[in-house]
Amino acid sequence: MKTKLVLAALLVSAASTASFADTSSMKIAFSNNYAGNSWRQAMLDSYGLVSEKAVADKVVAASDVFTTADKEVPTQAAQIQNLILQGYNAIVINAGSPDALNGAVKQACDAGIVVVSFDGLVTEPCAYRVVVDFAEMGRQEVEQMAKFQPKGGNLLEIRGLAGTSIDEAIHQGILEGVAAHPEFTIVNSVTGDWDQTTAQKAVATVLPSLPDIVGIVDQGGDGYGAAQAFAAAGKPRPTIIMGNRQDELKWWSEQKAMDGYTTWSASIAPGVSTLAFWVAQQVLDGRTDIPHDLLVPYLAFTQDDFEAELPKIAEGGVASHEYTLEESLAAIKANIK
Amino acid sequence: MPSFAKLFATPWIWSFLGALLVWLAAVIFTGGHGAGGMITAALSLAVFTVIVGLGQMFVVTLGPGNVDLSLPANIGLASAVAMKTMDGQDSLIALGLLAALACGVVIGLANYALIRVLRIPPIIATLSSSFIILSTDIHYGRGLQIKPPESFADFANVQILGFPILGLFGVALAVVAWAGLQRMVYGRSVLAIGQNMRAAKLAGIPVERVRMLTYTLSGALGGINGALLAGYFRGASVDIGNEYLLSSIAVVVIGGTSVAGGKANVPGIWGASLFLVLLLTMLNTFGVSAGLRLLLTGLIIVGVITAAGGHKTGR
């Protein structure tokens, strides 16, 4: 136990090389259930960057990515069972369902495999969950809105994919934010599915019937669509909270150049996949003090720093942040109470 | 009142009535506020369903089992092909539209080849081809939002006295489709094949050539729709066509086209598309939750189909 603590302390203090970790013979698989949008592509890119370097540095023996075709839960369950048979030591999962994969995840745990889920979480207790504090993100949206619209007024809410834990958490956060700021009223809420087209359509249908809107609180990926819907209907542009997408930040930058438009942007960084990778590596390394539920902060940009980030994001992509081992250790440490 | 009776016997009238009713319900709810804006928004959004709905209508009319399930994937890929070809430059807009059209035509031909050469039922053939198309699209577009040239996006959003320009295009397309269906040998052949394929063959209709043309037409309309969607919504993406799997089939059925084939209805496609968008408008205006909205949408579609279909059996 003592040696482990010493090792952990060493890891924290070690600058960048972690090659002395005894995970160099271990293999980590990544089971992903969808790749068809900019967020998922950025997630895969980030993961590839960090995990390939880890393999090159001999931190782990192999790191392979497996993506199923089309959000199919049974396919992903079968895939996890294959990964168990193939002898991986850890499986990082972005799951298609919070509970439908629990059977396969339990089988993996029973076979001694470390399972770490993120973004699409699994509820099976033996797995680790890297959770972004979405409720806080929702609260903060209203806090920021109160700065930009001090007089208050009507808000339109755009919600994410119905039935997901993420949608519910952000929504609850927004409700708490509005409760703390009674100068705001949510006059309607539509479903945008974190998708520009869906959001634009939903906002376009509801816009004619709405009173004047001062702000839009949303969940990311929907801000640009909302802006287009307001422009198409010839309505005045409200303060739209953005979600770190390149087109959203670019639009923001254009508006800022035009008349000093101010807003705020926040979302889950796709690079949280790399934190999940390091958590898996740390557990394989023998750490037993890591909580199964790890709360990590969201990625936010303000009026002052978003334009510095903009050139770094691929055209049509989303802002990301790759975790280094040190940052991961710090994130884990922040969760140990 | 024989004329009234005749009017109500036409299958497409129900879809327009439904559209009118949900619009009135929404307008009453807001106290008359935004009535015109709702119609403009509905016309803008309905036209995309009309375009693929017309393609799906011709396919369904070919007879039992004929359906094109590859439309969503087709739209997604064509949107990416169009935007990448245009490359943000005004001079390449026409080329981009042609590329999207060609992409759709190739997909339509490939679907038909699967059905004809490999003898796979259309449902399986078009569904499996959509997996291939989807994977191609993910590889080709890398899941990124690809932006249209500014002038193409502006054009797609132009309104003339509150009437969107794409709506005019949709009406023109429907007129052409109606003429093609009722006045041309091709359309009459589609209807004849849908009524009885064997009889059509014996009557000397080139059945397989007509089927090939029909799947190609559906593919081509899907391709054009992809390019226009990417223009209107300012960005191509893999998911952009997702909703058109259900809605392209729903507008065919609600619009009074027979699922058993042999009987098509062009005006009904417009009525049903407006109905679907205005239904979404009404439910969003009421502010119902996502779960309840899906439930009500399902129930109301079933209700309208029953109302329209109940009349048919009374003939």
# chains A, B, ... in the order shown; residues from 1 in each chain; ligands from 1

$ residues_around --residues "range 281-296 of chain A" --least-positions-apart "4" --cutoff "6 Å" --atoms "only C-alpha atoms" --output "MDAnalysis selection string"
chainID A and resid 23 128:132

$ interface_residues --of "chain B" --to "chain A" --cutoff "7 Å" --atoms "only C-alpha atoms" --output "number ranges by chain"
B: 30, 33-34, 37-38, 41, 138, 142-146, 157, 233, 238, 240, 281, 284-285, 287, 290

$ residues_around --residues "Val158 in chain B" --least-positions-apart "3" --cutoff "12 Å" --atoms "only C-alpha atoms" --output "ChimeraX atom specification"
/A:231-234 /B:40,44,151-155,161-169,231-232

$ write_last_selection --atoms "C-alpha atoms" --output "short mmCIF file (atom, residue, chain, number, x, y, z; two decimals), in the first residue's frame"
data_model
loop_
_atom_site.label_atom_id
_atom_site.label_comp_id
_atom_site.auth_asym_id
_atom_site.auth_seq_id
_atom_site.Cartn_x
_atom_site.Cartn_y
_atom_site.Cartn_z
CA ALA A 231 -32.22 35.97 -38.86
CA ALA A 232 -34.59 34.12 -41.23
CA ALA A 233 -37.64 35.38 -39.31
CA GLY A 234 -36.25 38.93 -39.29
CA THR B 40 -43.89 31.37 -43.84
CA SER B 44 -39.85 27.08 -45.82
CA SER B 151 -24.64 33.70 -51.78
CA PHE B 152 -26.06 30.16 -52.05
CA ALA B 153 -27.16 30.26 -48.39
CA ASP B 154 -28.67 33.71 -48.92
CA PHE B 155 -30.50 32.52 -52.03
CA LEU B 161 -43.67 38.83 -50.02
CA GLY B 162 -43.34 36.28 -47.22
CA PHE B 163 -43.31 33.39 -49.68
CA PRO B 164 -39.98 31.53 -49.59
CA ILE B 165 -38.30 31.05 -52.95
CA LEU B 166 -37.66 27.37 -52.23
CA GLY B 167 -41.42 27.04 -51.67
CA LEU B 168 -41.96 28.27 -55.24
CA PHE B 169 -39.46 25.68 -56.42
CA GLY B 231 -27.81 25.78 -48.22
CA TYR B 232 -30.86 26.64 -46.15
#

$ closest_residue --among "B:Val47, B:Ala35, B:Leu69, B:Leu134" --to "Ile269 in chain B" --atoms "only C-alpha atoms"
B:Val47

$ select_by_dssp --residues "range 139-192 of chain A" --states "strand (DSSP E or B)" --output "list in words"
Gly153, Asn154, Leu155, Leu156, Glu157, Ile158, Arg159, Phe184, Thr185, Ile186, Val187, Asn188, Ser189, Val190 and Thr191 of chain A

$ residues_around --residues "range 266-269 of chain A" --least-positions-apart "3" --cutoff "10 Å" --atoms "only C-alpha atoms" --output "PyMOL selection string"
chain A and resi 39+42-43+46+119+131-134+137-138+140-141+218-221+241-245+272-273+296-302+318-322

$ write_last_selection --atoms "C-alpha atoms" --output "short mmCIF file (atom, residue, chain, number, x, y, z; two decimals), in the first residue's frame"
data_model
loop_
_atom_site.label_atom_id
_atom_site.label_comp_id
_atom_site.auth_asym_id
_atom_site.auth_seq_id
_atom_site.Cartn_x
_atom_site.Cartn_y
_atom_site.Cartn_z
CA TRP A 39 -18.05 16.32 -31.58
CA ALA A 42 -12.98 15.58 -32.33
CA MET A 43 -13.33 13.04 -29.52
CA SER A 46 -8.09 13.71 -29.31
CA ASP A 119 -19.99 11.09 -22.16
CA VAL A 131 -18.89 12.86 -15.48
CA VAL A 132 -18.93 16.45 -16.61
CA ASP A 133 -20.69 18.82 -14.23
CA PHE A 134 -23.56 19.61 -16.59
CA MET A 137 -22.93 24.41 -16.71
CA GLY A 138 -26.69 25.06 -16.87
CA GLN A 140 -23.62 29.16 -15.08
CA GLU A 141 -25.44 29.87 -18.37
CA ASP A 218 -29.08 25.89 -24.71
CA GLN A 219 -26.86 22.83 -24.60
CA GLY A 220 -24.24 23.28 -27.33
CA GLY A 221 -24.35 22.57 -31.06
CA ILE A 241 -25.19 31.06 -25.20
CA MET A 242 -22.78 29.16 -27.45
CA GLY A 243 -21.45 25.60 -27.27
CA ASN A 244 -17.80 25.76 -28.40
CA ARG A 245 -18.53 24.76 -32.03
CA VAL A 272 -12.54 14.21 -22.01
CA SER A 273 -12.02 10.88 -23.82
CA VAL A 296 -14.71 17.08 -14.12
CA PRO A 297 -15.24 20.68 -15.21
CA TYR A 298 -16.72 21.71 -18.56
CA LEU A 299 -14.77 23.76 -21.09
CA ALA A 300 -15.83 27.41 -21.27
CA PHE A 301 -14.81 30.46 -23.29
CA THR A 302 -15.50 34.11 -22.54
CA VAL A 318 -15.52 21.77 -32.02
CA ALA A 319 -13.10 23.10 -29.41
CA SER A 320 -11.29 20.38 -27.55
CA HIS A 321 -8.75 19.93 -24.83
CA GLU A 322 -6.51 16.88 -24.50
#

$ closest_residue --among "B:Leu276, B:Met184, B:Ala82, B:Val304" --to "Leu43 in chain B" --atoms "only C-alpha atoms"
B:Leu276

$ residues_around --residues "Ala230 in chain B" --least-positions-apart "5" --cutoff "7 Å" --atoms "only C-alpha atoms" --output "list in words"
Ser79, Pro148, Gly235 and Ala236 of chain B

$ residues_around --residues "Val115 in chain A" --least-positions-apart "4" --cutoff "9 Å" --atoms "only C-alpha atoms" --output "ChimeraX atom specification"
/A:89-93,105,108-109,126-129,280

$ write_last_selection --atoms "N, CA, C and O atoms" --output "PDB file, in the first residue's frame"
ATOM      1  N   ASN A  89      -6.970  -5.342 -21.269  1.00  0.00           N
ATOM      2  CA  ASN A  89      -6.916  -5.170 -19.824  1.00  0.00           C
ATOM      3  C   ASN A  89      -7.879  -4.094 -19.347  1.00  0.00           C
ATOM      4  O   ASN A  89      -8.316  -4.107 -18.206  1.00  0.00           O
ATOM      5  N   ALA A  90      -8.187  -3.161 -20.242  1.00  0.00           N
ATOM      6  CA  ALA A  90      -9.134  -2.108 -19.881  1.00  0.00           C
ATOM      7  C   ALA A  90      -9.954  -1.734 -21.106  1.00  0.00           C
ATOM      8  O   ALA A  90      -9.473  -1.843 -22.237  1.00  0.00           O
ATOM      9  N   ILE A  91     -11.209  -1.333 -20.857  1.00  0.00           N
ATOM     10  CA  ILE A  91     -12.059  -0.869 -21.954  1.00  0.00           C
ATOM     11  C   ILE A  91     -12.591   0.512 -21.599  1.00  0.00           C
ATOM     12  O   ILE A  91     -13.208   0.701 -20.546  1.00  0.00           O
ATOM     13  N   VAL A  92     -12.327   1.480 -22.463  1.00  0.00           N
ATOM     14  CA  VAL A  92     -12.901   2.811 -22.318  1.00  0.00           C
ATOM     15  C   VAL A  92     -14.165   2.829 -23.175  1.00  0.00           C
ATOM     16  O   VAL A  92     -14.142   2.376 -24.320  1.00  0.00           O
ATOM     17  N   ILE A  93     -15.286   3.312 -22.608  1.00  0.00           N
ATOM     18  CA  ILE A  93     -16.555   3.220 -23.329  1.00  0.00           C
ATOM     19  C   ILE A  93     -17.236   4.578 -23.456  1.00  0.00           C
ATOM     20  O   ILE A  93     -17.365   5.310 -22.482  1.00  0.00           O
ATOM     21  N   VAL A 105     -20.887  -5.037 -19.495  1.00  0.00           N
ATOM     22  CA  VAL A 105     -19.896  -4.356 -18.649  1.00  0.00           C
ATOM     23  C   VAL A 105     -19.585  -5.207 -17.419  1.00  0.00           C
ATOM     24  O   VAL A 105     -18.433  -5.361 -17.020  1.00  0.00           O
ATOM     25  N   ALA A 108     -17.278  -7.927 -18.247  1.00  0.00           N
ATOM     26  CA  ALA A 108     -15.912  -7.429 -18.375  1.00  0.00           C
ATOM     27  C   ALA A 108     -15.270  -7.276 -16.998  1.00  0.00           C
ATOM     28  O   ALA A 108     -14.141  -7.723 -16.770  1.00  0.00           O
ATOM     29  N   CYS A 109     -16.013  -6.667 -16.060  1.00  0.00           N
ATOM     30  CA  CYS A 109     -15.488  -6.490 -14.699  1.00  0.00           C
ATOM     31  C   CYS A 109     -15.153  -7.849 -14.089  1.00  0.00           C
ATOM     32  O   CYS A 109     -14.094  -8.031 -13.478  1.00  0.00           O
ATOM     33  N   CYS A 126     -19.589  -1.400 -11.069  1.00  0.00           N
ATOM     34  CA  CYS A 126     -18.176  -1.776 -11.138  1.00  0.00           C
ATOM     35  C   CYS A 126     -17.393  -0.905 -12.114  1.00  0.00           C
ATOM     36  O   CYS A 126     -16.168  -0.876 -12.086  1.00  0.00           O
ATOM     37  N   ALA A 127     -18.096  -0.157 -12.984  1.00  0.00           N
ATOM     38  CA  ALA A 127     -17.402   0.681 -13.968  1.00  0.00           C
ATOM     39  C   ALA A 127     -17.087   2.051 -13.388  1.00  0.00           C
ATOM     40  O   ALA A 127     -17.711   2.487 -12.422  1.00  0.00           O
ATOM     41  N   TYR A 128     -16.100   2.718 -13.981  1.00  0.00           N
ATOM     42  CA  TYR A 128     -15.790   4.102 -13.621  1.00  0.00           C
ATOM     43  C   TYR A 128     -16.576   5.020 -14.549  1.00  0.00           C
ATOM     44  O   TYR A 128     -16.857   4.671 -15.696  1.00  0.00           O
ATOM     45  N   ARG A 129     -16.919   6.199 -14.046  1.00  0.00           N
ATOM     46  CA  ARG A 129     -17.655   7.169 -14.846  1.00  0.00           C
ATOM     47  C   ARG A 129     -16.956   8.525 -14.779  1.00  0.00           C
ATOM     48  O   ARG A 129     -16.733   9.048 -13.682  1.00  0.00           O
ATOM     49  N   ALA A 280      -8.178   4.917 -16.946  1.00  0.00           N
ATOM     50  CA  ALA A 280      -8.015   3.474 -17.156  1.00  0.00           C
ATOM     51  C   ALA A 280      -6.568   3.065 -16.897  1.00  0.00           C
ATOM     52  O   ALA A 280      -6.293   2.069 -16.212  1.00  0.00           O
TER      53      ALA A 280
END

$ closest_residue --among "A:Gly87, A:Ala61, A:Asn32, A:Pro125" --to "Tyr47 in chain A" --atoms "only C-alpha atoms"
A:Asn32

$ atom_distance --atom1 "CA of Ala192 in chain B" --atom2 "CA of Arg211 in chain B"
11.7 Å

$ residues_around --residues "range 110-112 of chain B" --least-positions-apart "5" --cutoff "12 Å" --atoms "only C-alpha atoms" --output "number ranges by chain"
B: 59, 66-71, 74, 103-105, 117-130, 132-133, 208-220

$ write_last_selection --atoms "C-alpha atoms" --output "mmCIF file, in the first residue's frame"
data_model
loop_
_atom_site.group_PDB
_atom_site.id
_atom_site.type_symbol
_atom_site.label_atom_id
_atom_site.label_comp_id
_atom_site.auth_asym_id
_atom_site.auth_seq_id
_atom_site.Cartn_x
_atom_site.Cartn_y
_atom_site.Cartn_z
ATOM 1 C CA VAL B 59 -41.372 4.470 -55.577
ATOM 2 C CA ASN B 66 -41.291 -0.856 -53.027
ATOM 3 C CA VAL B 67 -39.825 1.815 -50.776
ATOM 4 C CA ASP B 68 -36.616 3.848 -50.672
ATOM 5 C CA LEU B 69 -35.115 3.717 -47.174
ATOM 6 C CA SER B 70 -31.757 5.099 -48.314
ATOM 7 C CA LEU B 71 -33.058 8.691 -48.569
ATOM 8 C CA ASN B 74 -28.415 9.836 -49.536
ATOM 9 C CA CYS B 103 -24.447 11.566 -56.336
ATOM 10 C CA GLY B 104 -28.188 10.940 -55.900
ATOM 11 C CA VAL B 105 -28.495 9.388 -59.374
ATOM 12 C CA VAL B 117 -29.291 -7.993 -60.192
ATOM 13 C CA LEU B 118 -28.988 -9.458 -56.711
ATOM 14 C CA ARG B 119 -32.763 -9.918 -56.326
ATOM 15 C CA ILE B 120 -32.819 -8.353 -52.871
ATOM 16 C CA PRO B 121 -36.211 -7.001 -51.666
ATOM 17 C CA PRO B 122 -36.252 -3.162 -51.892
ATOM 18 C CA ILE B 123 -36.603 -2.689 -48.125
ATOM 19 C CA ILE B 124 -33.435 -4.692 -47.410
ATOM 20 C CA ALA B 125 -31.579 -3.370 -50.460
ATOM 21 C CA THR B 126 -32.131 0.322 -49.736
ATOM 22 C CA LEU B 127 -31.562 -0.141 -45.994
ATOM 23 C CA SER B 128 -28.252 -1.911 -46.490
ATOM 24 C CA SER B 129 -27.136 0.542 -49.151
ATOM 25 C CA SER B 130 -27.827 3.340 -46.664
ATOM 26 C CA ILE B 132 -22.683 1.894 -47.096
ATOM 27 C CA ILE B 133 -23.617 5.480 -47.960
ATOM 28 C CA GLU B 208 -37.833 -3.006 -65.352
ATOM 29 C CA ARG B 209 -36.853 0.162 -67.171
ATOM 30 C CA VAL B 210 -39.635 2.085 -65.415
ATOM 31 C CA ARG B 211 -38.570 0.703 -62.034
ATOM 32 C CA MET B 212 -34.980 1.685 -62.720
ATOM 33 C CA LEU B 213 -36.059 5.207 -63.690
ATOM 34 C CA THR B 214 -38.188 5.472 -60.563
ATOM 35 C CA TYR B 215 -35.441 4.489 -58.103
ATOM 36 C CA THR B 216 -33.071 6.809 -59.953
ATOM 37 C CA LEU B 217 -35.608 9.637 -59.734
ATOM 38 C CA SER B 218 -35.991 9.106 -56.002
ATOM 39 C CA GLY B 219 -32.214 9.103 -55.581
ATOM 40 C CA ALA B 220 -31.839 12.254 -57.666
#

$ select_by_dssp --residues "range 106-315 of chain A" --states "alpha helix (DSSP H)" --output "number ranges by chain"
A: 106-110, 134-148, 165-180, 196-206, 223-232, 246-259, 272-284, 306-309

$ decode --residues "range 212-257 of chain B" --atoms "C-alpha atoms" --output "short mmCIF file (atom, residue, chain, number, x, y, z; two decimals), in the first residue's frame"
data_model
loop_
_atom_site.label_atom_id
_atom_site.label_comp_id
_atom_site.auth_asym_id
_atom_site.auth_seq_id
_atom_site.Cartn_x
_atom_site.Cartn_y
_atom_site.Cartn_z
CA MET B 212 -34.98 1.69 -62.72
CA LEU B 213 -36.06 5.21 -63.69
CA THR B 214 -38.19 5.47 -60.56
CA TYR B 215 -35.44 4.49 -58.10
CA THR B 216 -33.07 6.81 -59.95
CA LEU B 217 -35.61 9.64 -59.73
CA SER B 218 -35.99 9.11 -56.00
CA GLY B 219 -32.21 9.10 -55.58
CA ALA B 220 -31.84 12.25 -57.67
CA LEU B 221 -34.48 14.12 -55.66
CA GLY B 222 -32.73 13.02 -52.46
CA GLY B 223 -29.46 14.41 -53.83
CA ILE B 224 -30.99 17.78 -54.74
CA ASN B 225 -32.67 17.92 -51.36
CA GLY B 226 -29.32 17.39 -49.65
CA ALA B 227 -27.77 20.35 -51.47
CA LEU B 228 -30.74 22.63 -50.74
CA LEU B 229 -30.87 21.60 -47.06
CA ALA B 230 -27.17 22.36 -46.65
CA GLY B 231 -27.81 25.78 -48.22
CA TYR B 232 -30.86 26.64 -46.15
CA PHE B 233 -29.42 25.38 -42.86
CA ARG B 234 -25.96 26.71 -43.71
CA GLY B 235 -23.99 23.54 -43.35
CA ALA B 236 -23.84 19.93 -44.51
CA SER B 237 -23.74 17.18 -41.90
CA VAL B 238 -24.16 13.43 -41.72
CA ASP B 239 -27.39 13.71 -39.72
CA ILE B 240 -29.04 16.36 -41.88
CA GLY B 241 -31.40 13.89 -43.59
CA ASN B 242 -32.31 11.76 -40.58
CA GLU B 243 -35.88 12.91 -40.16
CA TYR B 244 -36.75 12.21 -43.80
CA LEU B 245 -36.89 8.45 -43.32
CA LEU B 246 -40.19 8.64 -41.47
CA SER B 247 -41.48 11.90 -42.90
CA SER B 248 -40.97 10.97 -46.59
CA ILE B 249 -43.11 7.89 -46.05
CA ALA B 250 -45.60 9.63 -43.74
CA VAL B 251 -46.39 12.38 -46.28
CA VAL B 252 -46.97 9.76 -48.97
CA VAL B 253 -49.47 7.91 -46.80
CA ILE B 254 -51.16 10.96 -45.24
CA GLY B 255 -51.32 12.58 -48.68
CA GLY B 256 -53.62 9.85 -49.95
CA THR B 257 -51.19 7.73 -51.97
#
